[in-house]
>>> print(open('my_file.cif').read())   # mmCIF, N, CA and C atoms
data_run
#
loop_
_atom_site.label_atom_id
_atom_site.label_comp_id
_atom_site.auth_asym_id
_atom_site.auth_seq_id
_atom_site.Cartn_x
_atom_site.Cartn_y
_atom_site.Cartn_z
N MET A 1 168.87 69.75 -149.92
CA MET A 1 167.79 70.36 -149.16
C MET A 1 166.45 69.67 -149.46
N GLN A 2 166.22 69.39 -150.74
CA GLN A 2 164.98 68.72 -151.11
C GLN A 2 164.94 67.32 -150.52
N ASP A 3 166.10 66.67 -150.45
CA ASP A 3 166.18 65.33 -149.86
C ASP A 3 165.77 65.37 -148.38
N MET A 4 166.22 66.40 -147.66
CA MET A 4 165.85 66.54 -146.24
C MET A 4 164.35 66.77 -146.08
N LEU A 5 163.80 67.57 -146.95
CA LEU A 5 162.36 67.85 -146.89
C LEU A 5 161.56 66.57 -147.13
N ILE A 6 161.98 65.78 -148.10
CA ILE A 6 161.31 64.51 -148.38
C ILE A 6 161.41 63.59 -147.17
N GLN A 7 162.59 63.54 -146.54
CA GLN A 7 162.76 62.70 -145.35
C GLN A 7 161.86 63.15 -144.21
N LEU A 8 161.73 64.47 -144.02
CA LEU A 8 160.87 64.98 -142.94
C LEU A 8 159.40 64.66 -143.21
N VAL A 9 158.98 64.82 -144.46
CA VAL A 9 157.59 64.52 -144.80
C VAL A 9 157.31 63.03 -144.60
N THR A 10 158.23 62.17 -145.02
CA THR A 10 158.00 60.74 -144.84
C THR A 10 158.07 60.34 -143.37
N ALA A 11 158.89 61.01 -142.58
CA ALA A 11 158.90 60.73 -141.14
C ALA A 11 157.56 61.09 -140.52
N PHE A 12 157.01 62.23 -140.92
CA PHE A 12 155.69 62.64 -140.44
C PHE A 12 154.63 61.63 -140.87
N LEU A 13 154.64 61.24 -142.15
CA LEU A 13 153.64 60.31 -142.66
C LEU A 13 153.78 58.92 -142.04
N GLY A 14 155.01 58.49 -141.80
CA GLY A 14 155.22 57.20 -141.15
C GLY A 14 154.68 57.19 -139.73
N SER A 15 154.92 58.27 -139.01
CA SER A 15 154.38 58.39 -137.66
C SER A 15 152.87 58.48 -137.68
N LEU A 16 152.33 59.22 -138.66
CA LEU A 16 150.88 59.32 -138.80
C LEU A 16 150.26 57.95 -139.09
N GLY A 17 150.90 57.19 -139.96
CA GLY A 17 150.40 55.85 -140.28
C GLY A 17 150.34 54.96 -139.05
N PHE A 18 151.38 55.00 -138.23
CA PHE A 18 151.37 54.19 -137.03
C PHE A 18 150.38 54.73 -135.99
N ALA A 19 150.21 56.04 -135.94
CA ALA A 19 149.21 56.60 -135.03
C ALA A 19 147.82 56.12 -135.43
N LEU A 20 147.57 56.08 -136.73
CA LEU A 20 146.28 55.56 -137.21
C LEU A 20 146.15 54.07 -136.90
N LEU A 21 147.21 53.34 -137.07
CA LEU A 21 147.21 51.91 -136.79
C LEU A 21 146.91 51.63 -135.31
N PHE A 22 147.42 52.50 -134.44
CA PHE A 22 147.21 52.35 -133.00
C PHE A 22 145.92 53.02 -132.53
N HIS A 23 145.09 53.49 -133.46
CA HIS A 23 143.80 54.10 -133.15
C HIS A 23 143.93 55.31 -132.22
N VAL A 24 144.92 56.15 -132.49
CA VAL A 24 145.09 57.38 -131.72
C VAL A 24 143.91 58.29 -132.05
N ARG A 25 143.38 58.94 -131.04
CA ARG A 25 142.22 59.82 -131.24
C ARG A 25 142.56 60.95 -132.21
N ARG A 26 141.55 61.37 -132.93
CA ARG A 26 141.73 62.38 -133.99
C ARG A 26 142.45 63.64 -133.49
N GLU A 27 142.08 64.12 -132.31
CA GLU A 27 142.68 65.36 -131.81
C GLU A 27 144.15 65.18 -131.40
N ARG A 28 144.59 63.95 -131.29
CA ARG A 28 145.98 63.69 -130.90
C ARG A 28 146.84 63.23 -132.08
N LEU A 29 146.25 63.04 -133.25
CA LEU A 29 146.98 62.55 -134.41
C LEU A 29 148.10 63.50 -134.84
N LEU A 30 147.78 64.77 -134.96
CA LEU A 30 148.77 65.74 -135.41
C LEU A 30 149.95 65.86 -134.44
N PRO A 31 149.69 66.05 -133.13
CA PRO A 31 150.84 66.13 -132.21
C PRO A 31 151.67 64.84 -132.19
N ALA A 32 151.02 63.69 -132.28
CA ALA A 32 151.76 62.43 -132.27
C ALA A 32 152.62 62.31 -133.52
N SER A 33 152.10 62.72 -134.65
CA SER A 33 152.84 62.64 -135.91
C SER A 33 153.96 63.66 -135.98
N LEU A 34 153.72 64.82 -135.41
CA LEU A 34 154.77 65.85 -135.39
C LEU A 34 155.99 65.40 -134.58
N GLY A 35 155.76 64.52 -133.62
CA GLY A 35 156.88 63.98 -132.85
C GLY A 35 157.86 63.22 -133.73
N GLY A 36 157.34 62.45 -134.68
CA GLY A 36 158.19 61.73 -135.61
C GLY A 36 158.97 62.68 -136.50
N LEU A 37 158.32 63.73 -136.95
CA LEU A 37 158.99 64.76 -137.74
C LEU A 37 160.09 65.42 -136.92
N LEU A 38 159.78 65.73 -135.67
CA LEU A 38 160.77 66.34 -134.78
C LEU A 38 161.96 65.41 -134.57
N ALA A 39 161.69 64.15 -134.29
CA ALA A 39 162.77 63.20 -134.04
C ALA A 39 163.70 63.10 -135.24
N TRP A 40 163.12 62.95 -136.43
CA TRP A 40 163.96 62.82 -137.62
C TRP A 40 164.64 64.15 -137.95
N GLY A 41 163.99 65.26 -137.68
CA GLY A 41 164.61 66.57 -137.88
C GLY A 41 165.84 66.75 -137.01
N VAL A 42 165.73 66.34 -135.75
CA VAL A 42 166.88 66.42 -134.84
C VAL A 42 167.99 65.50 -135.33
N TYR A 43 167.61 64.31 -135.78
CA TYR A 43 168.60 63.37 -136.33
C TYR A 43 169.36 64.01 -137.50
N LEU A 44 168.62 64.64 -138.40
CA LEU A 44 169.25 65.28 -139.55
C LEU A 44 170.12 66.47 -139.14
N LEU A 45 169.63 67.28 -138.20
CA LEU A 45 170.42 68.42 -137.71
C LEU A 45 171.71 67.96 -137.03
N MET A 46 171.62 66.88 -136.29
CA MET A 46 172.82 66.35 -135.64
C MET A 46 173.85 65.87 -136.65
N GLY A 47 173.39 65.58 -137.87
CA GLY A 47 174.30 65.19 -138.93
C GLY A 47 175.27 66.30 -139.29
N MET A 48 174.91 67.54 -138.98
CA MET A 48 175.81 68.67 -139.23
C MET A 48 176.89 68.75 -138.16
N ALA A 49 176.61 68.17 -136.99
CA ALA A 49 177.56 68.23 -135.89
C ALA A 49 178.44 67.00 -135.80
N THR A 50 177.92 65.85 -136.19
CA THR A 50 178.68 64.60 -136.06
C THR A 50 178.24 63.62 -137.14
N ASP A 51 179.16 62.74 -137.49
CA ASP A 51 178.81 61.69 -138.44
C ASP A 51 178.57 60.36 -137.73
N GLN A 52 178.56 60.38 -136.40
CA GLN A 52 178.34 59.18 -135.60
C GLN A 52 176.84 58.93 -135.45
N ASP A 53 176.36 57.86 -136.10
CA ASP A 53 174.93 57.56 -136.05
C ASP A 53 174.43 57.30 -134.63
N VAL A 54 175.24 56.67 -133.81
CA VAL A 54 174.81 56.37 -132.44
C VAL A 54 174.51 57.66 -131.68
N VAL A 55 175.35 58.66 -131.84
CA VAL A 55 175.14 59.96 -131.17
C VAL A 55 173.89 60.63 -131.74
N ARG A 56 173.72 60.58 -133.05
CA ARG A 56 172.57 61.21 -133.69
C ARG A 56 171.27 60.55 -133.21
N TYR A 57 171.25 59.24 -133.14
CA TYR A 57 170.05 58.53 -132.67
C TYR A 57 169.79 58.83 -131.20
N PHE A 58 170.83 58.90 -130.39
CA PHE A 58 170.67 59.20 -128.97
C PHE A 58 170.03 60.58 -128.77
N VAL A 59 170.60 61.59 -129.40
CA VAL A 59 170.09 62.95 -129.23
C VAL A 59 168.67 63.07 -129.77
N ALA A 60 168.39 62.43 -130.90
CA ALA A 60 167.03 62.46 -131.45
C ALA A 60 166.03 61.80 -130.52
N SER A 61 166.43 60.69 -129.90
CA SER A 61 165.50 60.02 -128.98
C SER A 61 165.31 60.82 -127.69
N VAL A 62 166.34 61.52 -127.25
CA VAL A 62 166.18 62.41 -126.09
C VAL A 62 165.17 63.52 -126.44
N ALA A 63 165.34 64.12 -127.61
CA ALA A 63 164.44 65.20 -128.02
C ALA A 63 163.00 64.72 -128.15
N LEU A 64 162.81 63.55 -128.75
CA LEU A 64 161.44 63.06 -128.92
C LEU A 64 160.82 62.70 -127.58
N THR A 65 161.62 62.22 -126.64
CA THR A 65 161.07 61.85 -125.33
C THR A 65 160.70 63.09 -124.53
N VAL A 66 161.53 64.13 -124.59
CA VAL A 66 161.19 65.39 -123.91
C VAL A 66 159.90 65.95 -124.53
N TYR A 67 159.81 65.91 -125.85
CA TYR A 67 158.60 66.36 -126.53
C TYR A 67 157.38 65.56 -126.06
N ALA A 68 157.51 64.24 -126.04
CA ALA A 68 156.40 63.37 -125.66
C ALA A 68 155.99 63.57 -124.21
N GLU A 69 156.96 63.65 -123.33
CA GLU A 69 156.64 63.83 -121.90
C GLU A 69 155.99 65.19 -121.66
N THR A 70 156.47 66.21 -122.32
CA THR A 70 155.89 67.54 -122.17
C THR A 70 154.48 67.58 -122.74
N LEU A 71 154.33 67.02 -123.93
CA LEU A 71 153.02 66.99 -124.58
C LEU A 71 152.01 66.18 -123.77
N ALA A 72 152.48 65.11 -123.16
CA ALA A 72 151.59 64.28 -122.35
C ALA A 72 150.99 65.08 -121.20
N ARG A 73 151.77 65.96 -120.62
CA ARG A 73 151.26 66.77 -119.52
C ARG A 73 150.33 67.87 -120.01
N VAL A 74 150.64 68.43 -121.16
CA VAL A 74 149.81 69.50 -121.71
C VAL A 74 148.46 68.95 -122.18
N ILE A 75 148.50 67.84 -122.92
CA ILE A 75 147.28 67.26 -123.48
C ILE A 75 146.58 66.33 -122.50
N LYS A 76 147.27 65.95 -121.44
CA LYS A 76 146.76 65.01 -120.45
C LYS A 76 146.47 63.65 -121.10
N ALA A 77 147.52 63.09 -121.66
CA ALA A 77 147.46 61.78 -122.31
C ALA A 77 148.73 61.03 -121.93
N PRO A 78 148.74 59.72 -122.08
CA PRO A 78 149.95 58.96 -121.74
C PRO A 78 151.12 59.33 -122.66
N ALA A 79 152.29 59.50 -122.08
CA ALA A 79 153.48 59.83 -122.86
C ALA A 79 153.82 58.71 -123.84
N THR A 80 153.50 57.49 -123.47
CA THR A 80 153.79 56.33 -124.33
C THR A 80 153.16 56.49 -125.70
N LEU A 81 151.98 57.06 -125.75
CA LEU A 81 151.29 57.28 -127.01
C LEU A 81 152.15 58.10 -127.97
N PHE A 82 152.78 59.13 -127.46
CA PHE A 82 153.60 60.02 -128.29
C PHE A 82 154.99 59.43 -128.53
N ILE A 83 155.53 58.75 -127.54
CA ILE A 83 156.87 58.16 -127.68
C ILE A 83 156.86 57.08 -128.76
N VAL A 84 155.87 56.21 -128.72
CA VAL A 84 155.82 55.10 -129.68
C VAL A 84 155.67 55.62 -131.11
N THR A 85 154.73 56.52 -131.33
CA THR A 85 154.51 57.01 -132.69
C THR A 85 155.68 57.86 -133.17
N ALA A 86 156.28 58.63 -132.29
CA ALA A 86 157.38 59.50 -132.69
C ALA A 86 158.67 58.72 -132.93
N SER A 87 158.81 57.57 -132.34
CA SER A 87 160.05 56.80 -132.50
C SER A 87 160.08 55.97 -133.78
N ILE A 88 158.98 55.88 -134.49
CA ILE A 88 158.90 55.06 -135.70
C ILE A 88 159.99 55.43 -136.72
N PRO A 89 160.23 56.71 -137.01
CA PRO A 89 161.27 57.02 -138.00
C PRO A 89 162.68 56.63 -137.54
N LEU A 90 162.88 56.48 -136.26
CA LEU A 90 164.21 56.16 -135.75
C LEU A 90 164.53 54.66 -135.75
N ILE A 91 163.54 53.83 -135.97
CA ILE A 91 163.79 52.38 -135.92
C ILE A 91 164.82 52.02 -136.99
N PRO A 92 165.91 51.39 -136.57
CA PRO A 92 167.01 51.11 -137.53
C PRO A 92 166.73 49.91 -138.42
N GLY A 93 165.67 49.99 -139.20
CA GLY A 93 165.27 48.88 -140.06
C GLY A 93 166.29 48.59 -141.15
N GLY A 94 166.87 49.64 -141.73
CA GLY A 94 167.87 49.45 -142.77
C GLY A 94 169.10 48.73 -142.24
N SER A 95 169.52 49.10 -141.06
CA SER A 95 170.67 48.46 -140.44
C SER A 95 170.39 46.99 -140.13
N LEU A 96 169.19 46.73 -139.63
CA LEU A 96 168.80 45.35 -139.34
C LEU A 96 168.72 44.53 -140.63
N TYR A 97 168.21 45.14 -141.69
CA TYR A 97 168.14 44.46 -142.99
C TYR A 97 169.54 44.08 -143.47
N ARG A 98 170.48 45.03 -143.40
CA ARG A 98 171.85 44.75 -143.83
C ARG A 98 172.50 43.68 -142.97
N THR A 99 172.18 43.67 -141.67
CA THR A 99 172.69 42.63 -140.79
C THR A 99 172.23 41.26 -141.26
N MET A 100 170.94 41.12 -141.50
CA MET A 100 170.40 39.83 -141.94
C MET A 100 170.88 39.46 -143.34
N GLN A 101 171.03 40.45 -144.20
CA GLN A 101 171.53 40.19 -145.54
C GLN A 101 172.95 39.61 -145.49
N ASN A 102 173.80 40.19 -144.65
CA ASN A 102 175.16 39.68 -144.50
C ASN A 102 175.16 38.27 -143.93
N PHE A 103 174.25 38.01 -143.02
CA PHE A 103 174.14 36.67 -142.46
C PHE A 103 173.74 35.66 -143.53
N MET A 104 172.74 36.03 -144.33
CA MET A 104 172.25 35.12 -145.37
C MET A 104 173.30 34.89 -146.46
N MET A 105 174.17 35.88 -146.68
CA MET A 105 175.24 35.74 -147.66
C MET A 105 176.46 35.05 -147.06
N ASN A 106 176.35 34.66 -145.81
CA ASN A 106 177.42 33.96 -145.08
C ASN A 106 178.69 34.80 -144.95
N ASP A 107 178.52 36.14 -144.92
CA ASP A 107 179.63 37.06 -144.70
C ASP A 107 179.64 37.39 -143.20
N LEU A 108 180.25 36.52 -142.41
CA LEU A 108 180.15 36.63 -140.96
C LEU A 108 180.88 37.85 -140.40
N ASP A 109 181.96 38.30 -141.06
CA ASP A 109 182.63 39.52 -140.60
C ASP A 109 181.72 40.73 -140.74
N ALA A 110 181.13 40.89 -141.92
CA ALA A 110 180.21 42.00 -142.15
C ALA A 110 178.97 41.86 -141.27
N PHE A 111 178.50 40.62 -141.09
CA PHE A 111 177.35 40.36 -140.23
C PHE A 111 177.62 40.83 -138.81
N SER A 112 178.78 40.50 -138.26
CA SER A 112 179.07 40.88 -136.88
C SER A 112 179.26 42.39 -136.75
N ARG A 113 179.91 43.02 -137.72
CA ARG A 113 180.07 44.48 -137.67
C ARG A 113 178.73 45.19 -137.76
N GLN A 114 177.92 44.78 -138.73
CA GLN A 114 176.61 45.41 -138.92
C GLN A 114 175.68 45.09 -137.76
N GLY A 115 175.76 43.88 -137.23
CA GLY A 115 174.95 43.50 -136.07
C GLY A 115 175.27 44.35 -134.86
N LEU A 116 176.56 44.59 -134.64
CA LEU A 116 176.97 45.45 -133.52
C LEU A 116 176.43 46.86 -133.71
N THR A 117 176.52 47.36 -134.93
CA THR A 117 175.99 48.70 -135.21
C THR A 117 174.50 48.76 -134.93
N THR A 118 173.77 47.75 -135.36
CA THR A 118 172.32 47.72 -135.13
C THR A 118 172.00 47.70 -133.64
N VAL A 119 172.72 46.89 -132.89
CA VAL A 119 172.50 46.82 -131.44
C VAL A 119 172.84 48.16 -130.79
N LEU A 120 173.93 48.79 -131.21
CA LEU A 120 174.30 50.09 -130.64
C LEU A 120 173.25 51.16 -130.94
N LEU A 121 172.68 51.13 -132.13
CA LEU A 121 171.62 52.09 -132.46
C LEU A 121 170.39 51.86 -131.58
N ALA A 122 170.03 50.61 -131.38
CA ALA A 122 168.88 50.30 -130.53
C ALA A 122 169.13 50.72 -129.09
N VAL A 123 170.34 50.50 -128.60
CA VAL A 123 170.70 50.91 -127.24
C VAL A 123 170.69 52.43 -127.13
N ALA A 124 171.20 53.12 -128.14
CA ALA A 124 171.19 54.59 -128.13
C ALA A 124 169.77 55.13 -128.04
N ILE A 125 168.87 54.52 -128.78
CA ILE A 125 167.46 54.95 -128.74
C ILE A 125 166.87 54.68 -127.36
N ALA A 126 167.11 53.50 -126.83
CA ALA A 126 166.54 53.13 -125.52
C ALA A 126 167.09 54.01 -124.40
N VAL A 127 168.38 54.23 -124.39
CA VAL A 127 168.99 55.06 -123.34
C VAL A 127 168.56 56.51 -123.51
N GLY A 128 168.44 56.95 -124.76
CA GLY A 128 167.96 58.31 -125.02
C GLY A 128 166.55 58.54 -124.53
N MET A 129 165.75 57.49 -124.49
CA MET A 129 164.39 57.59 -123.96
C MET A 129 164.37 57.44 -122.44
N LEU A 130 165.31 56.69 -121.94
CA LEU A 130 165.34 56.40 -120.50
C LEU A 130 165.66 57.63 -119.66
N PHE A 131 166.68 58.39 -120.04
CA PHE A 131 167.10 59.53 -119.22
C PHE A 131 166.01 60.59 -119.04
N PRO A 132 165.41 61.11 -120.11
CA PRO A 132 164.35 62.11 -119.89
C PRO A 132 163.16 61.56 -119.13
N THR A 133 162.78 60.31 -119.42
CA THR A 133 161.65 59.72 -118.72
C THR A 133 161.93 59.63 -117.23
N ALA A 134 163.14 59.21 -116.87
CA ALA A 134 163.51 59.12 -115.46
C ALA A 134 163.51 60.50 -114.80
N ILE A 135 163.99 61.50 -115.51
CA ILE A 135 164.01 62.86 -114.95
C ILE A 135 162.58 63.37 -114.75
N PHE A 136 161.71 63.15 -115.72
CA PHE A 136 160.31 63.56 -115.57
C PHE A 136 159.64 62.83 -114.41
N GLN A 137 159.92 61.55 -114.24
CA GLN A 137 159.35 60.79 -113.13
C GLN A 137 159.86 61.34 -111.79
N LEU A 138 161.14 61.65 -111.74
CA LEU A 138 161.73 62.21 -110.53
C LEU A 138 161.10 63.56 -110.18
N LEU A 139 160.93 64.40 -111.19
CA LEU A 139 160.32 65.71 -110.96
C LEU A 139 158.87 65.58 -110.50
N ARG A 140 158.17 64.60 -111.04
CA ARG A 140 156.78 64.39 -110.63
C ARG A 140 156.70 63.96 -109.17
N ARG A 141 157.65 63.16 -108.71
CA ARG A 141 157.64 62.71 -107.32
C ARG A 141 158.05 63.81 -106.36
N ILE A 142 158.94 64.68 -106.81
CA ILE A 142 159.42 65.77 -105.95
C ILE A 142 158.36 66.86 -105.82
N ARG A 143 157.70 67.19 -106.91
CA ARG A 143 156.76 68.30 -106.94
C ARG A 143 155.63 68.20 -105.92
N PRO A 144 154.93 67.08 -105.77
CA PRO A 144 153.83 67.02 -104.80
C PRO A 144 154.30 67.25 -103.36
N SER A 145 155.53 66.85 -103.04
CA SER A 145 155.99 67.00 -101.67
C SER A 145 156.42 68.44 -101.36
N GLU A 146 156.52 69.27 -102.41
CA GLU A 146 156.90 70.66 -102.20
C GLU A 146 155.66 71.51 -101.97
N GLY A 147 155.14 71.46 -100.84
CA GLY A 147 153.98 72.28 -100.51
C GLY A 147 154.37 73.29 -99.44
N PRO A 148 153.46 74.18 -99.11
CA PRO A 148 153.76 75.14 -98.04
C PRO A 148 153.91 74.40 -96.71
N ALA A 149 154.86 74.82 -95.95
CA ALA A 149 155.10 74.20 -94.63
C ALA A 149 153.94 74.55 -93.70
N LYS A 150 153.54 73.56 -92.94
CA LYS A 150 152.42 73.81 -92.01
C LYS A 150 152.91 73.87 -90.61
#
>>> encode(input="my_file.cif", output="structure tokens")
Amino acid sequence: MQDMLIQLVTAFLGSLGFALLFHVRRERLLPASLGGLLAWGVYLLMGMATDQDVVRYFVASVALTVYAETLARVIKAPATLFIVTASIPLIPGGSLYRTMQNFMMNDLDAFSRQGLTTVLLAVAIAVGMLFPTAIFQLLRRIRPSEGPAK
């Protein structure tokens, strides 16, 4: 339990650090950073349901994108601001490191297995962001045309 709490705090702080790096306005720092905490929290919760990292990353990226798109409409700011900062904890840096380490050690079997895993994680994150964004875009286009009939 303490390990999960440490992970959530570091996810929040990592997102906050990148929000500061991207010069996010002060009033948007907390919501942007909470997105990273949410994303990693969903990832950890999904660990109770499945041990498949690709599924966990996908669901976490869907949750963070829904959060970002919703927050963008409430705060009236670009969703990209929240998506980028919230996705920082999900970046598969450890997997990429192990991929390169296997390559440098000339272990091509491990390199190809780990490389495939890294690519699958990146695809899971991208597709997890794509679906909610597309749905929000579709809803935005449908909504203006739904007016009272004249």
>>> select_by_dssp(input="my_file.cif", residues="region 3-58 of chain A", states="helix (DSSP H, G or I)", output="ChimeraX atom specification")
/A:3-21,26-46,53-58
>>> resolve_selection(input="my_file.cif", expression="the PyMOL selection byres ((chain A and resi 85) around 7)", output="mmCIF file with N, CA and C atoms, keeping the file's coordinate frame")
data_model
loop_
_atom_site.group_PDB
_atom_site.id
_atom_site.type_symbol
_atom_site.label_atom_id
_atom_site.label_comp_id
_atom_site.auth_asym_id
_atom_site.auth_seq_id
_atom_site.Cartn_x
_atom_site.Cartn_y
_atom_site.Cartn_z
ATOM 1 N N GLY A 14 155.010 58.490 -141.800
ATOM 2 C CA GLY A 14 155.220 57.200 -141.150
ATOM 3 C C GLY A 14 154.680 57.190 -139.730
ATOM 4 N N SER A 15 154.920 58.270 -139.010
ATOM 5 C CA SER A 15 154.380 58.390 -137.660
ATOM 6 C C SER A 15 152.870 58.480 -137.680
ATOM 7 N N LEU A 16 152.330 59.220 -138.660
ATOM 8 C CA LEU A 16 150.880 59.320 -138.800
ATOM 9 C C LEU A 16 150.260 57.950 -139.090
ATOM 10 N N PHE A 18 151.380 55.000 -138.230
ATOM 11 C CA PHE A 18 151.370 54.190 -137.030
ATOM 12 C C PHE A 18 150.380 54.730 -135.990
ATOM 13 N N ALA A 19 150.210 56.040 -135.940
ATOM 14 C CA ALA A 19 149.210 56.600 -135.030
ATOM 15 C C ALA A 19 147.820 56.120 -135.430
ATOM 16 N N ALA A 32 151.020 63.690 -132.280
ATOM 17 C CA ALA A 32 151.760 62.430 -132.270
ATOM 18 C C ALA A 32 152.620 62.310 -133.520
ATOM 19 N N SER A 33 152.100 62.720 -134.650
ATOM 20 C CA SER A 33 152.840 62.640 -135.910
ATOM 21 C C SER A 33 153.960 63.660 -135.980
ATOM 22 N N GLY A 35 155.760 64.520 -133.620
ATOM 23 C CA GLY A 35 156.880 63.980 -132.850
ATOM 24 C C GLY A 35 157.860 63.220 -133.730
ATOM 25 N N GLY A 36 157.340 62.450 -134.680
ATOM 26 C CA GLY A 36 158.190 61.730 -135.610
ATOM 27 C C GLY A 36 158.970 62.680 -136.500
ATOM 28 N N THR A 80 153.500 57.490 -123.470
ATOM 29 C CA THR A 80 153.790 56.330 -124.330
ATOM 30 C C THR A 80 153.160 56.490 -125.700
ATOM 31 N N LEU A 81 151.980 57.060 -125.750
ATOM 32 C CA LEU A 81 151.290 57.280 -127.010
ATOM 33 C C LEU A 81 152.150 58.100 -127.970
ATOM 34 N N PHE A 82 152.780 59.130 -127.460
ATOM 35 C CA PHE A 82 153.600 60.020 -128.290
ATOM 36 C C PHE A 82 154.990 59.430 -128.530
ATOM 37 N N ILE A 83 155.530 58.750 -127.540
ATOM 38 C CA ILE A 83 156.870 58.160 -127.680
ATOM 39 C C ILE A 83 156.860 57.080 -128.760
ATOM 40 N N VAL A 84 155.870 56.210 -128.720
ATOM 41 C CA VAL A 84 155.820 55.100 -129.680
ATOM 42 C C VAL A 84 155.670 55.620 -131.110
ATOM 43 N N ALA A 86 156.280 58.630 -132.290
ATOM 44 C CA ALA A 86 157.380 59.500 -132.690
ATOM 45 C C ALA A 86 158.670 58.720 -132.930
ATOM 46 N N SER A 87 158.810 57.570 -132.340
ATOM 47 C CA SER A 87 160.050 56.800 -132.500
ATOM 48 C C SER A 87 160.080 55.970 -133.780
ATOM 49 N N ILE A 88 158.980 55.880 -134.490
ATOM 50 C CA ILE A 88 158.900 55.060 -135.700
ATOM 51 C C ILE A 88 159.990 55.430 -136.720
ATOM 52 N N PRO A 89 160.230 56.710 -137.010
ATOM 53 C CA PRO A 89 161.270 57.020 -138.000
ATOM 54 C C PRO A 89 162.680 56.630 -137.540
#
>>> residues_around(input="my_file.cif", residues="Phe131 (chain A)", least_positions_apart="6", cutoff="8 Å", atoms="all atoms listed in the file", output="PDB file with N, CA and C atoms, keeping the file's coordinate frame")
ATOM      1  N   VAL A  62     166.340  61.520-127.250  1.00  0.00           N
ATOM      2  CA  VAL A  62     166.180  62.410-126.090  1.00  0.00           C
ATOM      3  C   VAL A  62     165.170  63.520-126.440  1.00  0.00           C
ATOM      4  N   VAL A  66     161.530  64.130-124.590  1.00  0.00           N
ATOM      5  CA  VAL A  66     161.190  65.390-123.910  1.00  0.00           C
ATOM      6  C   VAL A  66     159.900  65.950-124.530  1.00  0.00           C
ATOM      7  N   GLN A 137     159.920  61.550-114.240  1.00  0.00           N
ATOM      8  CA  GLN A 137     159.350  60.790-113.130  1.00  0.00           C
ATOM      9  C   GLN A 137     159.860  61.340-111.790  1.00  0.00           C
TER      10      GLN A 137
END
>>> residues_around(input="my_file.cif", residues="Ala124 (chain A)", least_positions_apart="4", cutoff="7 Å", atoms="all atoms listed in the file", output="PyMOL selection string")
chain A and resi 54-55+57-59+61+119-120+128-129
>>> resolve_selection(input="my_file.cif", expression="the PyMOL selection byres (((chain A and resi 38 and name CA) around 9) and name CA)", output="list in words")
Leu8, Ala11, Phe12, Ser33, Leu34, Gly35, Gly36, Leu37, Ala39, Trp40, Gly41, Val42, Tyr43, Ala60, Ala63, Leu64, Tyr67 and Ala86 of chain A
>>> atom_distance(input="my_file.cif", atom1="atom N of Arg56 (chain A)", atom2="atom N of Leu44 (chain A)")
8.4 Å
>>> residues_around(input="my_file.cif", residues="Ala110 (chain A)", least_positions_apart="6", cutoff="9 Å", atoms="only C-alpha atoms", output="MDAnalysis selection string")
chainID A and resid 98:99 102:103
>>> write_last_selection(input="my_file.cif", atoms="N, CA and C atoms", output="compact mmCIF listing (two decimals), in the frame of the given file")
# COMPACT_ATOMS: atom_id res chain seq x y z
N ARG A 98 170.48 45.03 -143.40
CA ARG A 98 171.85 44.75 -143.83
C ARG A 98 172.50 43.68 -142.97
N THR A 99 172.18 43.67 -141.67
CA THR A 99 172.69 42.63 -140.79
C THR A 99 172.23 41.26 -141.26
N ASN A 102 173.80 40.19 -144.65
CA ASN A 102 175.16 39.68 -144.50
C ASN A 102 175.16 38.27 -143.93
N PHE A 103 174.25 38.01 -143.02
CA PHE A 103 174.14 36.67 -142.46
C PHE A 103 173.74 35.66 -143.53
